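Here is structure05.cif, consisting of mmCIF, C-alpha atoms:
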```
data_work
loop_
_atom_site.label_atom_id
_atom_site.label_comp_id
_atom_site.auth_asym_id
_atom_site.auth_seq_id
_atom_site.Cartn_x
_atom_site.Cartn_y
_atom_site.Cartn_z
CA MET S 169 -94.53 25.12 -13.73
CA THR S 170 -94.57 28.74 -12.55
CA ALA S 171 -92.88 31.51 -14.50
CA VAL S 172 -90.26 31.93 -11.76
CA ASN S 173 -89.36 28.23 -11.82
CA LYS S 174 -89.11 28.34 -15.59
CA ILE S 175 -86.66 31.23 -15.35
CA TYR S 176 -84.51 29.36 -12.75
CA PHE S 177 -84.56 26.23 -14.93
CA ILE S 178 -83.43 28.18 -17.99
CA LEU S 179 -80.61 29.91 -16.06
CA ILE S 180 -79.32 26.64 -14.62
CA PHE S 181 -79.46 25.01 -18.05
CA LEU S 182 -77.49 27.86 -19.62
CA ILE S 183 -74.85 27.76 -16.86
CA LEU S 184 -74.38 23.99 -17.13
CA THR S 185 -74.23 24.21 -20.91
CA GLY S 186 -71.56 26.92 -20.64
CA LEU S 187 -69.51 24.91 -18.19
CA MET S 188 -69.69 21.81 -20.35
CA SER S 189 -68.69 23.87 -23.37
CA CYS S 190 -65.70 25.34 -21.52
CA LYS S 191 -64.61 21.89 -20.38
CA LYS S 192 -64.94 20.60 -23.90
CA ASP S 193 -62.82 23.46 -25.29
CA LYS S 194 -60.08 23.16 -22.64
CA ASP S 195 -56.68 22.04 -24.02
CA GLU S 196 -55.62 18.97 -22.08
CA THR S 197 -52.96 17.65 -24.48
CA GLY S 198 -49.35 18.77 -24.25
CA PRO S 199 -46.86 19.05 -27.11
CA VAL S 200 -45.64 15.78 -28.58
CA ILE S 201 -41.82 15.56 -28.68
CA THR S 202 -39.92 12.90 -30.61
CA PHE S 203 -36.12 12.61 -30.27
CA ASN S 204 -34.05 11.92 -33.37
CA THR S 205 -30.56 12.74 -32.06
CA PRO S 206 -28.57 12.17 -29.96
CA VAL S 207 -29.18 8.45 -29.81
CA GLU S 208 -29.40 6.74 -26.45
CA ASN S 209 -26.03 6.24 -24.67
CA GLN S 210 -24.14 8.23 -27.30
CA SER S 211 -20.77 9.43 -25.93
CA PHE S 212 -19.48 13.00 -25.97
CA ASN S 213 -16.44 14.81 -24.64
CA VAL S 214 -16.84 17.94 -22.55
CA TYR S 215 -16.58 20.93 -24.94
CA ASP S 216 -18.27 18.95 -27.73
CA TYR S 217 -21.47 20.12 -29.40
CA VAL S 218 -24.46 17.79 -29.03
CA ASN S 219 -26.66 17.87 -32.12
CA VAL S 220 -30.17 17.89 -30.61
CA ASN S 221 -32.68 17.04 -33.34
CA ALA S 222 -36.34 16.40 -32.61
CA SER S 223 -39.84 16.98 -33.91
CA ILE S 224 -42.23 18.98 -31.72
CA LYS S 225 -45.96 19.23 -32.44
CA ASP S 226 -48.93 20.70 -30.61
CA ASP S 227 -52.58 20.84 -31.67
CA THR S 228 -52.95 24.53 -30.77
CA ARG S 229 -49.70 26.44 -30.17
CA LEU S 230 -46.25 26.49 -28.58
CA THR S 231 -45.30 29.08 -25.97
CA SER S 232 -41.79 27.91 -25.07
CA VAL S 233 -39.18 25.32 -26.04
CA SER S 234 -35.85 24.69 -24.28
CA VAL S 235 -32.92 22.27 -24.18
CA SER S 236 -31.12 21.36 -20.94
CA LEU S 237 -28.55 18.95 -19.53
CA LEU S 238 -29.34 16.95 -16.40
CA ASP S 239 -27.07 14.76 -14.32
CA ALA S 240 -27.70 11.12 -13.43
CA ASN S 241 -30.02 12.24 -10.61
CA GLU S 242 -31.95 14.45 -13.05
CA ASN S 243 -30.68 17.68 -11.51
CA PHE S 244 -29.69 20.52 -13.81
CA ALA S 245 -25.99 20.16 -14.64
CA HIS S 246 -25.54 22.91 -17.25
CA VAL S 247 -27.41 25.83 -18.81
CA SER S 248 -31.00 25.60 -20.00
CA VAL S 249 -31.18 27.20 -23.45
CA PRO S 250 -34.45 28.59 -24.92
CA VAL S 251 -35.05 27.65 -28.57
CA PRO S 252 -36.97 29.94 -30.98
CA PHE S 253 -40.07 28.67 -32.82
CA THR S 254 -42.59 30.09 -35.32
CA SER S 255 -45.43 27.56 -35.38
CA PRO S 256 -47.03 24.80 -33.29
CA SER S 257 -45.23 22.26 -35.43
CA MET S 258 -41.47 22.46 -35.72
CA THR S 259 -38.29 20.51 -36.28
CA LEU S 260 -35.77 21.33 -33.58
CA ASN S 261 -32.17 21.23 -34.79
CA PHE S 262 -29.95 22.71 -32.12
CA GLN S 263 -26.23 22.54 -31.29
CA TYR S 264 -25.95 22.28 -27.50
CA LEU S 265 -22.44 23.21 -26.36
CA LEU S 266 -21.01 21.29 -23.37
CA ASP S 267 -18.77 24.20 -22.34
CA ASN S 268 -18.56 23.48 -18.62
CA ILE S 269 -15.13 22.24 -17.57
CA HIS S 270 -16.57 20.94 -14.29
CA LEU S 271 -18.75 18.30 -15.94
CA GLU S 272 -17.47 14.91 -14.78
CA THR S 273 -17.41 11.56 -16.55
CA GLY S 274 -20.72 9.73 -16.28
CA ILE S 275 -24.34 9.43 -17.36
CA TYR S 276 -26.33 12.55 -18.22
CA TYR S 277 -29.64 13.36 -19.89
CA ILE S 278 -30.44 15.80 -22.68
CA LYS S 279 -33.86 17.21 -21.82
CA ILE S 280 -36.23 18.89 -24.25
CA SER S 281 -39.07 20.86 -22.66
CA ALA S 282 -42.04 22.32 -24.52
CA THR S 283 -45.27 23.96 -23.36
CA ASP S 284 -48.41 25.25 -25.03
CA GLY S 285 -49.23 27.59 -22.16
CA GLU S 286 -51.43 25.04 -20.37
CA ASN S 287 -49.60 21.74 -20.65
CA ASN S 288 -45.92 20.93 -20.26
CA SER S 289 -44.07 18.12 -22.00
CA ASN S 290 -40.58 16.83 -21.22
CA VAL S 291 -38.56 14.11 -22.92
CA PHE S 292 -35.13 12.80 -21.97
CA GLN S 293 -32.33 11.10 -23.87
CA LYS S 294 -29.52 9.41 -21.96
CA ILE S 295 -25.97 10.24 -23.06
CA TYR S 296 -22.48 9.59 -21.66
CA LEU S 297 -19.94 12.36 -21.03
CA ILE S 298 -16.16 12.12 -20.77
CA GLU S 299 -14.60 14.79 -18.57
CA VAL S 300 -11.72 17.10 -19.43
CA PRO S 301 -8.47 15.47 -18.23
CA LYS S 302 -7.30 17.00 -14.97
CA GLN S 303 -4.00 18.87 -15.29
CA LEU S 304 -1.72 20.57 -12.79
CA LYS S 305 -1.40 24.24 -13.76
CA LYS S 306 0.69 25.75 -10.96
CA ILE S 307 2.17 25.06 -7.55
CA PHE S 308 1.59 27.90 -5.09
CA LEU S 309 3.69 28.54 -2.00
CA LEU S 310 2.77 30.59 1.08
CA SER S 311 5.69 32.04 3.03
CA LYS S 312 6.71 34.87 5.34
CA ASN S 313 9.83 36.80 6.24
CA THR S 314 8.12 38.80 9.00
CA GLY S 315 4.98 38.36 11.05
CA THR S 316 3.19 41.21 9.32
CA GLN S 317 3.06 39.96 5.73
CA THR S 318 2.20 36.70 3.98
CA ASN S 319 3.65 36.12 0.52
CA LEU S 320 1.98 34.03 -2.18
CA SER S 321 4.42 32.72 -4.81
CA THR S 322 4.61 30.08 -7.52
CA ILE S 323 7.27 27.44 -8.08
CA ASP S 324 8.33 27.42 -11.74
CA SER S 325 7.91 24.34 -13.94
CA THR S 326 11.59 23.38 -13.61
CA PHE S 327 11.39 23.58 -9.80
CA SER S 328 14.37 25.91 -9.81
CA SER S 329 12.93 29.26 -8.71
CA ILE S 330 10.21 30.75 -6.52
CA ILE S 331 8.35 33.57 -8.28
CA PRO S 332 6.52 36.23 -6.20
CA PHE S 333 2.82 36.51 -7.07
CA HIS S 334 1.02 38.55 -4.39
CA SER S 335 1.48 39.75 -0.81
CA PHE S 336 -1.16 39.87 1.93
CA SER S 337 -0.73 42.21 4.89
CA GLY S 338 -1.11 40.89 8.41
CA ASP S 339 -0.31 37.58 10.06
CA TYR S 340 -1.26 34.08 8.92
CA LEU S 341 -3.38 31.21 10.19
CA SER S 342 -4.18 29.07 7.15
CA SER S 343 -4.86 29.03 3.41
CA SER S 344 -6.22 27.03 0.48
CA ILE S 345 -6.54 27.03 -3.30
CA SER S 346 -9.83 26.34 -5.10
CA SER S 347 -9.29 24.83 -8.54
CA TYR S 348 -13.04 24.94 -9.11
CA TYR S 349 -13.15 28.73 -8.82
CA GLN S 350 -9.47 29.37 -9.58
CA GLN S 351 -9.12 31.33 -6.35
CA ALA S 352 -6.78 31.51 -3.39
CA PHE S 353 -8.06 31.92 0.16
CA VAL S 354 -5.80 33.26 2.91
CA CYS S 355 -6.92 33.56 6.54
CA GLY S 356 -5.13 35.62 9.17
CA ASN S 357 -5.02 35.08 12.92
CA PHE S 358 -4.71 38.29 14.96
CA SER S 359 -4.20 40.93 12.26
CA GLY S 360 -4.54 39.27 8.87
CA ASN S 361 -7.76 39.41 6.83
CA PHE S 362 -9.72 36.46 5.54
CA THR S 363 -9.37 37.08 1.80
CA GLY S 364 -10.63 35.45 -1.36
CA HIS S 365 -8.24 36.23 -4.22
CA THR S 366 -8.93 35.70 -7.95
CA LEU S 367 -5.82 34.09 -9.43
CA LEU S 368 -6.54 34.83 -13.09
CA TYR S 369 -6.56 38.59 -12.50
CA ASN S 370 -4.39 38.59 -9.35
CA SER S 371 -7.01 40.70 -7.59
CA PRO S 372 -9.10 40.41 -4.41
CA LYS S 373 -12.58 38.90 -4.68
CA PHE S 374 -13.62 39.70 -1.11
CA THR S 375 -12.11 40.61 2.25
CA VAL S 376 -13.29 39.98 5.82
CA ALA S 377 -11.26 42.19 8.16
CA PRO S 378 -10.49 41.26 11.79
CA ILE S 379 -11.06 43.46 14.82
CA ILE S 380 -7.55 43.92 16.22
CA SER S 381 -7.14 43.11 19.92
CA THR S 382 -4.90 41.14 22.27
CA ASN S 383 -6.89 38.02 21.40
CA PRO S 384 -6.88 36.26 18.04
CA TYR S 385 -9.80 37.11 15.76
CA PHE S 386 -9.73 34.05 13.50
CA THR S 387 -8.97 30.76 15.29
CA GLY S 388 -9.63 27.96 12.81
CA TYR S 389 -9.98 27.32 9.08
CA PHE S 390 -11.25 24.41 7.01
CA ASN S 391 -11.85 24.23 3.28
CA THR S 392 -13.27 22.09 0.54
CA ASP S 393 -12.59 22.95 -3.09
CA ARG S 394 -15.75 25.09 -3.19
CA TYR S 395 -16.29 26.35 0.37
CA SER S 396 -14.33 27.84 3.26
CA TYR S 397 -15.22 27.59 6.94
CA VAL S 398 -13.76 30.12 9.36
CA CYS S 399 -13.83 30.00 13.18
CA ARG S 400 -13.66 33.12 15.32
CA TYR S 401 -12.51 33.70 18.89
CA ALA S 402 -15.96 35.14 19.63
CA GLY S 403 -17.34 31.63 19.08
CA SER S 404 -18.91 31.80 15.63
CA ILE S 405 -18.22 29.36 12.79
CA PHE S 406 -19.12 30.69 9.34
CA GLY S 407 -19.17 28.96 5.98
CA TYR S 408 -18.32 31.20 3.00
CA ASP S 409 -18.82 30.65 -0.71
CA TYR S 410 -16.38 31.85 -3.38
CA SER S 411 -17.87 35.36 -3.39
CA GLY S 412 -17.55 35.86 0.37
CA SER S 413 -21.24 35.31 1.12
CA VAL S 414 -22.11 33.44 4.32
CA PHE S 415 -24.20 30.30 3.69
CA TYR S 416 -23.57 28.39 6.95
CA SER S 417 -23.31 29.40 10.60
CA ALA S 418 -22.85 27.67 13.93
CA ASN S 419 -21.79 28.75 17.40
CA ALA S 420 -19.24 27.18 19.71
CA ILE S 421 -20.21 26.17 23.24
CA ALA S 422 -20.59 29.30 25.39
CA GLY S 423 -17.16 30.34 26.66
CA TYR S 424 -15.35 28.24 24.02
CA TYR S 425 -13.95 28.85 20.54
CA ALA S 426 -13.40 26.39 17.70
CA LYS S 427 -9.98 25.51 16.26
CA SER S 428 -9.76 22.39 14.09
CA ILE S 429 -12.91 21.35 12.23
CA CYS S 430 -14.04 18.88 9.58
CA PHE S 431 -17.28 17.38 8.28
CA ASN S 432 -18.61 13.86 8.68
CA GLU S 433 -21.67 12.95 6.59
CA GLY S 434 -22.81 16.58 6.74
CA TYR S 435 -22.20 16.92 10.50
CA LEU S 436 -19.59 19.46 11.53
CA ILE S 437 -17.03 18.14 14.04
CA ALA S 438 -15.09 20.81 15.94
CA GLU S 439 -12.22 20.89 18.41
CA GLU S 440 -13.23 23.62 20.88
CA LYS S 441 -11.14 25.18 23.65
CA GLU S 442 -12.45 26.95 26.71
CA ILE S 443 -11.25 30.57 26.80
CA PHE S 444 -10.21 30.72 30.47
CA SER S 445 -8.88 27.18 30.97
CA THR S 446 -7.15 24.34 29.17
CA THR S 447 -10.38 22.33 28.85
CA LYS S 448 -11.13 21.08 25.34
CA LYS S 449 -14.14 19.35 23.83
CA LEU S 450 -14.98 17.63 20.58
CA VAL S 451 -18.35 19.02 19.54
CA THR S 452 -20.77 17.64 16.94
CA TYR S 453 -23.20 19.89 15.05
CA PHE S 454 -26.26 18.90 13.08
CA PRO S 455 -26.16 19.82 9.37
CA ASN S 456 -28.28 22.90 10.15
CA GLY S 457 -25.55 24.23 12.47
CA SER S 458 -27.20 23.51 15.82
CA GLN S 459 -25.20 21.64 18.47
CA GLU S 460 -25.95 17.95 18.90
CA LYS S 461 -23.49 16.70 21.54
CA SER S 462 -19.93 16.94 22.86
CA CYS S 463 -17.28 14.89 24.64
CA ILE S 464 -14.10 15.73 26.53
CA LEU S 465 -10.96 15.95 24.40
CA THR S 466 -7.52 15.53 25.97
CA GLN S 467 -5.26 16.16 22.98
CA ASP S 468 -4.23 19.23 20.99
CA VAL S 469 -5.53 18.42 17.53
CA VAL S 470 -3.18 18.52 14.54
CA GLN S 471 -5.63 17.09 12.00
CA LEU S 472 -9.18 15.76 11.82
CA CYS S 473 -9.69 13.24 8.99
CA GLU S 474 -13.02 11.75 7.98
CA LYS S 475 -12.62 7.97 7.84
CA ASN S 476 -16.14 6.94 6.83
CA SER S 477 -19.75 8.06 7.26
CA SER S 478 -19.66 7.83 11.07
CA ASN S 479 -15.99 7.94 12.15
CA VAL S 480 -13.33 10.64 12.22
CA PHE S 481 -9.63 10.19 12.96
CA VAL S 482 -8.26 12.66 15.51
CA PHE S 483 -4.48 13.07 15.20
CA GLY S 484 -2.58 15.26 17.63
CA ASN S 485 -0.45 15.52 20.74
CA ILE S 486 -0.96 15.08 24.47
CA GLY S 487 1.67 16.95 26.44
CA GLY S 488 3.90 17.06 23.36
CA GLN S 489 3.56 13.33 22.66
CA ALA S 490 2.04 12.10 19.40
CA THR S 491 -1.28 10.27 19.63
CA VAL S 492 -4.03 8.94 17.39
CA GLN S 493 -7.68 8.47 18.34
CA LEU S 494 -10.83 7.55 16.47
CA PHE S 495 -14.08 9.43 17.10
CA ASP S 496 -17.30 7.46 16.79
CA ARG S 497 -19.80 10.19 15.93
CA ILE S 498 -22.90 8.06 16.46
CA ASN S 499 -21.92 7.00 19.98
CA ASN S 500 -20.02 10.23 20.78
CA ASN S 501 -16.98 8.25 21.85
CA LEU S 502 -13.20 8.67 21.45
CA TRP S 503 -11.03 5.57 21.54
CA SER S 504 -7.47 4.53 20.64
CA PRO S 505 -7.36 2.24 17.58
CA TYR S 506 -3.57 1.82 17.82
CA PRO S 507 -2.78 0.27 21.22
CA PHE S 508 0.98 0.93 21.12
CA PRO S 509 2.82 4.18 21.83
CA LEU S 510 3.89 6.25 18.84
CA ALA S 511 7.52 7.38 18.51
CA SER S 512 8.69 9.79 21.19
CA GLY S 513 7.98 13.36 20.12
CA SER S 514 5.14 15.28 18.52
CA LEU S 515 3.13 15.20 15.32
CA SER S 516 3.47 18.25 13.10
CA CYS S 517 1.21 17.29 10.18
CA VAL S 518 -0.92 14.49 8.74
CA LEU S 519 -1.68 13.56 5.14
CA GLN S 520 -4.70 11.34 4.45
CA LEU S 521 -4.04 9.19 1.38
CA ASP S 522 -7.29 7.22 1.62
CA SER S 523 -9.71 6.11 4.34
CA ASP S 524 -7.20 3.52 5.59
CA THR S 525 -3.77 5.10 5.02
CA TYR S 526 -2.20 8.19 6.65
CA LEU S 527 1.26 9.74 6.60
CA LEU S 528 2.39 11.25 9.89
CA GLY S 529 4.97 14.04 9.95
CA HIS S 530 6.97 13.74 13.19
CA SER S 531 9.29 16.07 15.09
CA ASN S 532 12.07 13.45 15.00
CA GLY S 533 12.59 13.94 11.25
CA ILE S 534 10.80 10.73 10.20
CA ILE S 535 7.54 10.45 8.27
CA TYR S 536 5.53 7.42 9.40
CA LYS S 537 2.87 5.46 7.54
CA TYR S 538 -0.18 4.47 9.56
CA GLN S 539 -2.58 1.81 8.20
CA TYR S 540 -5.73 1.27 10.20
CA SER S 541 -6.81 -2.07 8.69
CA ILE S 542 -3.60 -3.86 9.66
CA ASN S 543 -2.97 -1.76 12.79
CA SER S 544 0.49 -0.79 11.60
CA VAL S 545 2.81 2.20 11.97
CA THR S 546 6.03 1.97 9.96
CA SER S 547 8.85 4.31 9.05
CA TYR S 548 8.11 5.71 5.58
CA LEU S 549 10.63 8.47 4.82
CA SER S 550 13.59 9.66 6.91
CA GLY S 551 15.49 12.93 7.03
CA TYR S 552 12.52 15.28 6.55
CA THR S 553 10.96 17.27 9.37
CA ALA S 554 7.64 17.75 7.60
CA LEU S 555 5.46 20.73 8.48
CA LYS S 556 3.04 20.01 5.63
CA MET S 557 2.59 17.12 3.20
CA LYS S 558 0.60 17.21 -0.05
CA PHE S 559 -0.20 14.60 -2.69
CA ASP S 560 -0.63 15.37 -6.39
CA GLY S 561 -2.68 12.45 -7.68
CA VAL S 562 -2.49 13.62 -11.31
CA ASN S 563 1.28 13.21 -11.44
CA ASN S 564 1.61 10.69 -8.61
CA ARG S 565 3.87 12.98 -6.58
CA LEU S 566 4.30 13.40 -2.85
CA TYR S 567 5.41 16.85 -1.66
CA VAL S 568 7.07 17.37 1.71
CA VAL S 569 7.21 20.93 3.07
CA GLU S 570 9.83 21.84 5.67
CA ALA S 571 10.58 25.21 7.20
CA ASN S 572 12.75 26.34 4.26
CA ARG S 573 12.55 23.52 1.73
CA VAL S 574 10.04 21.78 -0.54
CA SER S 575 10.85 18.28 -1.82
CA SER S 576 8.88 16.18 -4.28
CA PHE S 577 8.99 12.39 -4.57
CA ASP S 578 7.65 9.82 -6.95
CA TYR S 579 4.93 8.28 -4.82
CA SER S 580 5.43 4.74 -6.09
CA SER S 581 9.20 4.52 -5.63
CA LEU S 582 9.78 7.38 -3.15
CA ALA S 583 12.63 8.53 -5.40
CA LEU S 584 13.45 12.21 -4.94
CA VAL S 585 12.32 14.14 -8.03
CA ASN S 586 12.90 17.78 -7.13
CA SER S 587 13.90 19.96 -4.21
CA ILE S 588 13.93 23.73 -3.78
CA ASN S 589 15.03 25.95 -0.90
CA SER S 590 13.33 29.12 0.27
CA THR S 591 14.92 32.11 1.97
CA GLU S 592 11.59 32.72 3.70
CA THR S 593 9.76 30.53 6.21
CA ILE S 594 7.34 28.32 4.28
CA LEU S 595 3.79 28.23 5.60
CA ASP S 596 2.01 25.96 3.13
CA LEU S 597 1.89 24.60 -0.42
CA HIS S 598 -1.14 24.21 -2.71
CA PHE S 599 -1.89 22.85 -6.18
CA LEU S 600 -3.94 24.68 -8.81
CA TYR S 601 -5.53 22.37 -11.39
CA ASN S 602 -7.39 23.27 -14.55
CA ARG S 603 -10.67 22.25 -12.93
#
```

Mind converting the file's structure to structure tokens?
Amino acid sequence: MTAVNKIYFILIFLILTGLMSCKKDKDETGPVITFNTPVENQSFNVYDYVNVNASIKDDTRLTSVSVSLLDANENFAHVSVPVPFTSPSMTLNFQYLLDNIHLETGIYYIKISATDGENNSNVFQKIYLIEVPKQLKKIFLLSKNTGTQTNLSTIDSTFSSIIPFHSFSGDYLSSSISSYYQQAFVCGNFSGNFTGHTLLYNSPKFTVAPIISTNPYFTGYFNTDRYSYVCRYAGSIFGYDYSGSVFYSANAIAGYYAKSICFNEGYLIAEEKEIFSTTKKLVTYFPNGSQEKSCILTQDVVQLCEKNSSNVFVFGNIGGQATVQLFDRINNNLWSPYPFPLASGSLSCVLQLDSDTYLLGHSNGIIYKYQYSINSVTSYLSGYTALKMKFDGVNNRLYVVEANRVSSFDYSSLALVNSINSTETILDLHFLYNR
């Protein structure tokens, strides 16, 4: 063997020996975690402390330890809390506070995570949480005495007086209350702002101002408890979070603007009107906001109500006459599920009680009950020209809003519980719950 070959052989041997040594020294074992408490399926109430006790051991070191709460789908449901440590072997004894009022009843997992800098270990213990009972905190009323100011008030607990809370300048299109964020949202039409208002401090959270012109600026509004969707005459549809940040956007058909909207299995469904004619369309948008398809719409929509994962009820009026249609999103088809004419006159409002049952406020002073499964429309409550209807499921109360009066009824018996008159024109009524 030549001297050069000997040198190459020695170098290769040293390199292989070094690599084998490195591989041998590499830490391939993560921390070992053993749960002591809580025990599997142990029950807790929201706002309880969970005593998390476990032993954690690693053969070299620990670089981080944390405790988290995951929901049934193993998504983070509450804060992840780092836990201090002083050695690679420790007994974790930690009080994890369930101080999130939005946690709902169901299965959750306490998760302990530990790492030694190279290897991660996670263990889970299944627990059961019981939510904070839902409670009605306040009833808010929107009203106006002129077209240039919208007043937000509360109805006192005895239902005997209306107490002013805050005033918003400009006109009014729609509003909502978020119990999740404890905020009010008020949307103008021509001159009023779209405003998020913090109820605890009675102060604005954000404001989106309109550009004043002879055309409306805001044309439609839809809300869930966490999000607001606002349509503009220019054709845009924006989704806003509680802080006023835009997280969703779509555009109406060119030359159209959106009015009534709702969601069906993540798809946005919008009533859109052509600017220079009376033509209307029902437009479906993919969850990403791009247009999927549209069909001709003959009615002026009063309310869109999601029935199931592929169908939406369309309640409204054709030439001033009440009508009900069902929109099949998959087949892009509108049809009439109720083959008989509704009472002569127009619909003013609709309240969805469940996927099968709807209350219809009618211009003739009668509230009708429509049940899809038995194809029935019956007189439900007479003597009330409802402009809005709301249902408080916590107290089993039905609220009927007229131009200058709010009446509440026991839902089971329809017995009148309370009634209060307003000197101002009532625009809407909302419930604020503790969560």

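Among the candidates S:Val562, S:Leu595, S:Ile542, S:Val451, the residue lying nearest to S:Phe495 is S:Val451 (atoms considered: all atoms listed in the file).
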
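The smallest atom-to-atom distance between S:Phe353 and any of S:Ala511, S:Phe483, S:His598, S:Gly315, using all atoms listed in the file, is found for S:His598.
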
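Counting from atom CA of S:Asp324, the distance to atom CA of S:Ser516 is 26.9 Å.
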
Residues returned when the PyMOL selection byres ((chain S and resi 572) around 8) runs on this file, as number ranges by chain: S: 569-571, 573-574, 589-594

Store the residues picked out above, limited to C-alpha atoms, as a PDB file, in the frame of the given file.
```pdb
ATOM      1  CA  VAL S 569       7.210  20.930   3.070  1.00  0.00           C
ATOM      2  CA  GLU S 570       9.830  21.840   5.670  1.00  0.00           C
ATOM      3  CA  ALA S 571      10.580  25.210   7.200  1.00  0.00           C
ATOM      4  CA  ARG S 573      12.550  23.520   1.730  1.00  0.00           C
ATOM      5  CA  VAL S 574      10.040  21.780  -0.540  1.00  0.00           C
ATOM      6  CA  ASN S 589      15.030  25.950  -0.900  1.00  0.00           C
ATOM      7  CA  SER S 590      13.330  29.120   0.270  1.00  0.00           C
ATOM      8  CA  THR S 591      14.920  32.110   1.970  1.00  0.00           C
ATOM      9  CA  GLU S 592      11.590  32.720   3.700  1.00  0.00           C
ATOM     10  CA  THR S 593       9.760  30.530   6.210  1.00  0.00           C
ATOM     11  CA  ILE S 594       7.340  28.320   4.280  1.00  0.00           C
TER      12      ILE S 594
END
```

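Residues matched by the PyMOL selection byres ((chain S and resi 328-337) around 8) in this structure: Thr316, Gln317, Thr318, Asn319, Leu320, Ser321, Thr322, Ile323, Asp324, Ser325, Thr326, Phe327, Gly338, Asp339, Gly360, Asn361, Asn370, Ile588 and Ser590 of chain S.
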
I need the residues from that last selection saved to file as a CSV table (one decimal), in the coordinates of the input (with C-alpha atoms), if you can.
```csv
chain,number,residue,atom,x,y,z
S,316,THR,CA,3.2,41.2,9.3
S,317,GLN,CA,3.1,40.0,5.7
S,318,THR,CA,2.2,36.7,4.0
S,319,ASN,CA,3.6,36.1,0.5
S,320,LEU,CA,2.0,34.0,-2.2
S,321,SER,CA,4.4,32.7,-4.8
S,322,THR,CA,4.6,30.1,-7.5
S,323,ILE,CA,7.3,27.4,-8.1
S,324,ASP,CA,8.3,27.4,-11.7
S,325,SER,CA,7.9,24.3,-13.9
S,326,THR,CA,11.6,23.4,-13.6
S,327,PHE,CA,11.4,23.6,-9.8
S,338,GLY,CA,-1.1,40.9,8.4
S,339,ASP,CA,-0.3,37.6,10.1
S,360,GLY,CA,-4.5,39.3,8.9
S,361,ASN,CA,-7.8,39.4,6.8
S,370,ASN,CA,-4.4,38.6,-9.4
S,588,ILE,CA,13.9,23.7,-3.8
S,590,SER,CA,13.3,29.1,0.3
```

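For the choices S:Phe362, S:Asp393, S:Ile280, S:Ile269, the atom-to-atom distance to S:Leu600 is smallest for S:Asp393 when using all atoms listed in the file.
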
Explicit residues for the PyMOL selection byres ((chain S and resi 466-481) around 8) (as number ranges by chain): S: 428-433, 439, 447-449, 464-465, 482-487, 491-498, 515-518, 520, 523-524

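With atom CA of S:Ser512 on one side and atom CA of S:Gly488 on the other, the separation reads 9.0 Å.
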
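The closest residue to S:Leu309, picked from S:Leu597, S:Phe454, S:Asn586, S:Leu436 and counting only C-alpha atoms, is S:Leu597.
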
Atomic separation - atom CA of S:Ile345 relative to atom CA of S:Tyr385, Å: 21.8 Å

Residue nearest S:Phe292 - candidates S:Tyr215, S:Leu519, S:Asn204, S:Met258, atoms counted: all atoms listed in the file: S:Asn204

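The closest residue to S:Ala420, picked from S:Val249, S:Met557, S:Ala438, S:Leu260 and counting only C-alpha atoms, is S:Ala438.
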
Grab all the atoms of stretch 587-600 of chain S that the file lists, wrap them in a box along x, y and z, add 8 Å per side, and give me centre plus edge lengths in Å (one decimal) as AutoDock Vina command-line options.
```
--center_x 5.5 --center_y 26.3 --center_z -1.3 --size_x 35.0 --size_y 28.8 --size_z 31.0
```

If you count only C-alpha atoms, which residues fall within 9 Å of S:Ala352, apart from same-chain ones fewer than 3 positions away, as a compact mmCIF listing (two decimals) with C-alpha atoms, keeping the file's coordinate frame?
```txt
# COMPACT_ATOMS: atom_id res chain seq x y z
CA SER S 343 -4.86 29.03 3.41
CA SER S 344 -6.22 27.03 0.48
CA ILE S 345 -6.54 27.03 -3.30
CA SER S 346 -9.83 26.34 -5.10
CA SER S 347 -9.29 24.83 -8.54
CA TYR S 349 -13.15 28.73 -8.82
CA THR S 363 -9.37 37.08 1.80
CA GLY S 364 -10.63 35.45 -1.36
CA HIS S 365 -8.24 36.23 -4.22
CA THR S 366 -8.93 35.70 -7.95
CA LEU S 367 -5.82 34.09 -9.43
```

Within 9 Å of S:Gly403 using only C-alpha atoms, minus same-chain residues under 4 positions, as a VMD selection string: chain S and resid 399 418 to 426

Non-local contacts of stretch 548-552 of chain S (10 Å; only C-alpha atoms; under 3 positions in same chain excluded) as an mmCIF file with C-alpha atoms, in the coordinates of the input:
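Resulting contents of part_1.cif:
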```cif
data_model
loop_
_atom_site.group_PDB
_atom_site.id
_atom_site.type_symbol
_atom_site.label_atom_id
_atom_site.label_comp_id
_atom_site.auth_asym_id
_atom_site.auth_seq_id
_atom_site.Cartn_x
_atom_site.Cartn_y
_atom_site.Cartn_z
ATOM 1 C CA LEU S 527 1.260 9.740 6.600
ATOM 2 C CA LEU S 528 2.390 11.250 9.890
ATOM 3 C CA GLY S 529 4.970 14.040 9.950
ATOM 4 C CA HIS S 530 6.970 13.740 13.190
ATOM 5 C CA SER S 531 9.290 16.070 15.090
ATOM 6 C CA ASN S 532 12.070 13.450 15.000
ATOM 7 C CA GLY S 533 12.590 13.940 11.250
ATOM 8 C CA ILE S 534 10.800 10.730 10.200
ATOM 9 C CA ILE S 535 7.540 10.450 8.270
ATOM 10 C CA TYR S 536 5.530 7.420 9.400
ATOM 11 C CA LYS S 537 2.870 5.460 7.540
ATOM 12 C CA TYR S 538 -0.180 4.470 9.560
ATOM 13 C CA VAL S 545 2.810 2.200 11.970
ATOM 14 C CA LEU S 555 5.460 20.730 8.480
ATOM 15 C CA VAL S 568 7.070 17.370 1.710
ATOM 16 C CA VAL S 569 7.210 20.930 3.070
ATOM 17 C CA GLU S 570 9.830 21.840 5.670
ATOM 18 C CA ARG S 573 12.550 23.520 1.730
ATOM 19 C CA VAL S 574 10.040 21.780 -0.540
ATOM 20 C CA SER S 575 10.850 18.280 -1.820
ATOM 21 C CA LEU S 582 9.780 7.380 -3.150
#
```
